Each structure stands twice: as structure tokens, then as C-alpha cells.
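Peer 1: Can you read through this structure? Questions will come right after.
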Amino acid sequence: MSMSLFGFFRNRNTAPVARERLQILLAHERALVGGGSDLAAILREEILAVIAKHVTIDQEKVQVKLERGGSVSTLEIDIEMPGLAAAK
Amino acid sequence: MSKVLVVTSGKGGVGKTTSTAAIGAALAQAGQKVVVVDFDVGLRNLDLVMGAERRVVYDLINVVNGDAKLAQALIRDKRIEGLSLLAASQTRDKDALTLEGVTRVIEQLREKFDWVVCDSPAGIEKGALLAMYHADLAVVVTNPEVSSVRDSDRIIGMLDSKTAKAERGEKMEKVLLLTRYDQARAARGEMLKVEDVLEILSIPLLGIVPESEEVLRASNLGSPIVLSNPLSAPARAYQDAVRRLQGETVTMHIPVERKGIFAKFLSWRVA
């Protein structure tokens, strides 16, 4: 009885789970594929080139994310910088 | 001035063909000159949903290849004045379509019609890309379900990058048509809500078509739903959507089935 009651409540509100899964997935996919991909790749390369003039950075530690929104889109750049000693 | 509209989704089975037939028919009922074009080469179905399957002699590929003139391939709807169909080929494969050929045909259709409504095949390959390429406006058909929303997001990305408008640096206009919506289930938290899908996809809403038995009934009969049962909930949703396409401001709501006295009597008898 208690198990079936638990199951009844547990199975109901699945839409919020769907919504959250989609938001996480699409934030990731928009950065990788589709229309934004070309622009994100170009930006990534050019930003890296500018930074590389001054600091040695690990290419693997650079994240460039382009997120599409209704009225504004955001460009998120996350670069892990080495210690100051590495500065040219 | 003519407008080319693509009905697209990425995912199959969400209601592209039903929506193309309904939108095309409702535009024609409003007095517009309309052609609905099936781009699903090898798997044509718009002819069947429109009830014209026995009248197809020449198709889009024949026109593209110059085997038939456009006028020979256009099938005039016998029920609605101003509505025509250009069928896809059932025997050829999708590579039979070329960008040059499609461009030529769309140019000719623009001269003859107020609206060119292109029914895209599912997927993100050549057929889907050609169907969207010349569009001025895209109707993205989505079900309130995770895989459909994901695929729509992908298609939106392609509309913004792989169309003639995008290549010219112009903004591609995209609107969402949410189909198979069940308001009761959404209210119970069992189905994504309209606001959830809108927030995720970030494009304006064209309309909400409720889940309804009438849709299958219409395709069984080979009649666009706005013709087979114009007072049904999905038909009213499509009629409202088409008024919005024509620039009217129509309050957004989810139509519900109106039960007449006869229907009430029947359900009472059954109960």
C-alpha cells in the first residue's frame, strides 16, 4: 500500500524533469552544433590567438559557449590562466 | 507580394503534413492564392492528406528536370478555390532535387501565388535544407515532448545559418506551432507547458493545436481539418494561426471541443 502510494506520487510530475534535462542538454548542444557552431569556433580561435600573444595557455582549458536567447545571446568564455610566472 | 513559408520540425510524426494542409487550406479559405509543396521526395504524403493522391500525374521532380511544365504539375483543389498542390515524387530518391532546380520552381511559384507553403521532410539532410532554403518565414512544428523540442532547437539553428536569408545576413523569421497539446496533462505536470517550450526555444508562438481525434479523422478522409470539421478545436487553432500569419492580432488561447446538444445527449446516453 505504502509502496503503491509512493509510486503514485513519484510518477506524476515528470514535466519539470523534462524541462530541466532539456535546458541542460540544449545549452551544451547549442555550443557544439547548429548555427552557432561556426561563429563559436571562429571566436574561440581568434580570442585564443589574442591571448596567446601575451600568455601561454593550455588550449584544452578554454571553453567558449554561445547561448541563443530571445532578445539577447550571450558569449561565455572560460579560460584557465596559468600562474603569473608563465607570462611572456 | 508573395511569401514562402516552410513547415519544418526536424523530428518526424509531429504534424508537419497535417499542419501544411491545414494552414494552406485556411489561407485559401481566407481568399489567398496558395500552393502547398511536398518536399518529402520518396515518401510523399501531402497528396494523401489533401485527398489528391489519385490526381498526381507530374510532380516537383518532373518540373525541376523539365519533364513537365509547372502548370501541368499543379493540382487544383476541387473543394477550395485558390488552393493548389505540387506533389513530391514517390519513385525518385532525394538526390533528384537540386538547389538550382528548386530555386527555379520557387521563383515561378512566387509569381503565381500569394503563399508558397513548403512541407519539409523530417531530418536535417538535403531535402529538409532545400525545403527551408528559400523561406521568408519558418513555422516550427513541435510537440510538448523532449525529443521533439530538442530537434526543433536543432532546426532553429539551421534556419539561422543554412537558408538564403541567413546567407544574405538577414534575420530569419521563425514561429512556433505547438501541436498535440494536452492542457489537462500539462496542468497536472505530466507534460511540458506552453511556457516551458517557449522559454527553451525562444521563438514567438504562432498557435497551440490541441491533441484531438479529429486530426486522424481528417487524414482518414483526405481533407484538411479546417475543411472536414471547421468548428473542431484543432481547426479553430489553425484558423487563428493563419489569421496571425496574415498580420492580425488574435488573442492566444487553447481551443477546446464545443459539445453541441446532440453530442451531450450522446455522451449522456453512453454514460
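Ligands are numbered from 1 in the order shown, residues from 1 within each chain, and chains are lettered A, B, ... in the order they appear in the C-alpha cells.
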Using DSSP on the backbone coordinates, identify all residues within region 81-202 of chain B classified as helix (DSSP H, G or I); present the result as an MDAnalysis selection string.
Peer 2: chainID B and resid 94:96 99:112 126:133 146:159 164:167 183:187 194:201
Peer 1: I need the contact residues of chain B against chain A, so if you could list those with any atom within 7 Å, counting only C-alpha atoms, and return them as a compact mmCIF listing (two decimals) with N, CA, C and O atoms, in the first residue's frame, that would help.
Peer 2:
# COMPACT_ATOMS: atom_id res chain seq x y z
N VAL B 146 10.26 15.85 -25.03
CA VAL B 146 11.70 16.17 -25.07
C VAL B 146 12.38 16.00 -26.43
O VAL B 146 13.13 16.87 -26.85
N ARG B 154 17.47 22.24 -32.90
CA ARG B 154 18.48 21.99 -33.93
C ARG B 154 18.06 22.64 -35.26
O ARG B 154 18.87 23.27 -35.94
N GLY B 157 18.51 26.35 -35.30
CA GLY B 157 19.91 26.67 -35.57
C GLY B 157 20.21 26.63 -37.07
O GLY B 157 20.95 27.47 -37.60
N MET B 158 19.62 25.66 -37.77
CA MET B 158 19.86 25.55 -39.21
C MET B 158 19.14 26.66 -39.98
O MET B 158 19.67 27.17 -40.97
N ASP B 160 18.76 29.56 -38.99
CA ASP B 160 19.55 30.77 -38.77
C ASP B 160 20.89 30.75 -39.50
O ASP B 160 21.62 31.74 -39.49
N SER B 161 21.25 29.61 -40.09
CA SER B 161 22.58 29.55 -40.72
C SER B 161 22.57 28.99 -42.14
O SER B 161 23.45 29.32 -42.93
N GLY B 189 1.25 18.60 -14.57
CA GLY B 189 2.71 18.44 -14.51
C GLY B 189 3.20 17.19 -15.22
O GLY B 189 4.33 16.75 -15.04
N GLU B 190 2.35 16.64 -16.08
CA GLU B 190 2.74 15.42 -16.80
C GLU B 190 3.32 15.73 -18.18
O GLU B 190 3.86 14.85 -18.84
N MET B 191 3.14 16.97 -18.62
CA MET B 191 3.56 17.33 -19.97
C MET B 191 4.16 18.73 -19.92
O MET B 191 3.72 19.56 -19.12
N LEU B 192 5.18 18.99 -20.75
CA LEU B 192 5.77 20.32 -20.81
C LEU B 192 4.68 21.35 -21.11
O LEU B 192 3.82 21.12 -21.95
N ASP B 196 7.05 26.49 -20.95
CA ASP B 196 8.32 25.76 -20.90
C ASP B 196 8.95 25.69 -22.29
O ASP B 196 10.13 26.01 -22.47
N ILE B 200 12.39 27.57 -23.64
CA ILE B 200 13.52 26.79 -24.14
C ILE B 200 13.88 27.18 -25.57
O ILE B 200 15.04 27.38 -25.91
N SER B 202 12.79 29.91 -27.36
CA SER B 202 12.91 31.37 -27.56
C SER B 202 12.47 31.87 -28.93
O SER B 202 13.16 32.71 -29.52
N ILE B 203 11.37 31.37 -29.46
CA ILE B 203 10.81 31.97 -30.67
C ILE B 203 9.33 32.26 -30.41
O ILE B 203 8.73 31.63 -29.55
Peer 1: Hey, can you check how far CA of Ser219 (chain B) sits from CA of Val57 (chain B)?
Peer 2: 21.3 Å
Peer 1: One decimal, in Å: what's the spacing between CA of Pro230 (chain B) and CA of Ala71 (chain B)?
Peer 2: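 Separation between CA of Pro230 (chain B) and CA of Ala71 (chain B): 29.8 Å.
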Peer 1: Have a look at B:Val6, B:Ala235, B:Thr98, B:His134 and name the one nearest to Leu176 (chain B); count only C-alpha atoms.
Peer 2: B:Val6
Peer 1: Can you tell me which residues surround Val140 (chain B) at a distance of at most 6 Å, considering only C-alpha atoms, apart from same-chain residues fewer than 4 positions away, and format the answer as a PDB file with N, CA, C and O atoms, in the first residue's frame?
Peer 2:
ATOM      1  N   THR B   8       8.413  23.030 -40.785  1.00  0.00           N
ATOM      2  CA  THR B   8       9.542  22.148 -40.501  1.00  0.00           C
ATOM      3  C   THR B   8       9.568  21.753 -39.033  1.00  0.00           C
ATOM      4  O   THR B   8       8.829  22.295 -38.225  1.00  0.00           O
ATOM      5  N   SER B   9      10.424  20.771 -38.678  1.00  0.00           N
ATOM      6  CA  SER B   9      10.426  20.299 -37.286  1.00  0.00           C
ATOM      7  C   SER B   9      11.660  19.501 -36.890  1.00  0.00           C
ATOM      8  O   SER B   9      11.945  19.363 -35.713  1.00  0.00           O
ATOM      9  N   LEU B 176       6.632  29.374 -33.613  1.00  0.00           N
ATOM     10  CA  LEU B 176       6.401  28.034 -33.063  1.00  0.00           C
ATOM     11  C   LEU B 176       4.926  27.638 -33.167  1.00  0.00           C
ATOM     12  O   LEU B 176       4.031  28.396 -32.798  1.00  0.00           O
ATOM     13  N   LEU B 177       4.696  26.433 -33.687  1.00  0.00           N
ATOM     14  CA  LEU B 177       3.346  25.879 -33.684  1.00  0.00           C
ATOM     15  C   LEU B 177       3.395  24.636 -32.790  1.00  0.00           C
ATOM     16  O   LEU B 177       4.019  23.633 -33.143  1.00  0.00           O
TER      17      LEU B 177
END
Peer 1: I want to know what sits within 9 Å of Leu48 (chain A), based on only C-alpha atoms, with residues of the same chain fewer than 3 positions away left out; could you give that as a list in words?
Peer 2: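 The contact residues come out as Leu43, Arg44, Glu45, Ile51, Ala52, Lys53, Ile57, Gln59 and Val62 of chain A.
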Peer 1: For Met81 (chain A), work out the shell of residues within 9 Å, counting only C-alpha atoms and skipping chain neighbours fewer than 5 positions away, then give it as an MDAnalysis selection string.
Peer 2: chainID A and resid 55:58 61
Peer 1: If I take CA of Arg150 (chain B) and CA of Val14 (chain B), how far is one from the other in Å, to one decimal?
Peer 2: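 Value for the CA of Arg150 (chain B)-CA of Val14 (chain B) distance: 12.7 Å.
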Peer 1: Please run DSSP on the backbone and report, as a ChimeraX atom specification, all residues within region 21-72 of chain B that come out as strand (DSSP E).
Peer 2: /B:34-38
Peer 1: How would the residues just chosen look if you wrote them out with C-alpha atoms as a PDB file, in the first residue's frame?
Peer 2:
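Output contents, as saved in again.pdb:
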ATOM      1  CA  VAL B  34      -1.951  29.238 -52.131  1.00  0.00           C
ATOM      2  CA  VAL B  35       0.223  26.342 -53.240  1.00  0.00           C
ATOM      3  CA  VAL B  36       1.310  23.609 -50.860  1.00  0.00           C
ATOM      4  CA  VAL B  37       4.529  21.899 -51.950  1.00  0.00           C
ATOM      5  CA  ASP B  38       5.647  18.465 -50.763  1.00  0.00           C
TER       6      ASP B  38
END
Peer 1: Which is closest to Thr91 (chain B) among B:Ala128, B:Val175, B:Leu60, B:Val242, if we use only C-alpha atoms?
Peer 2: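 Closest candidate: B:Leu60.
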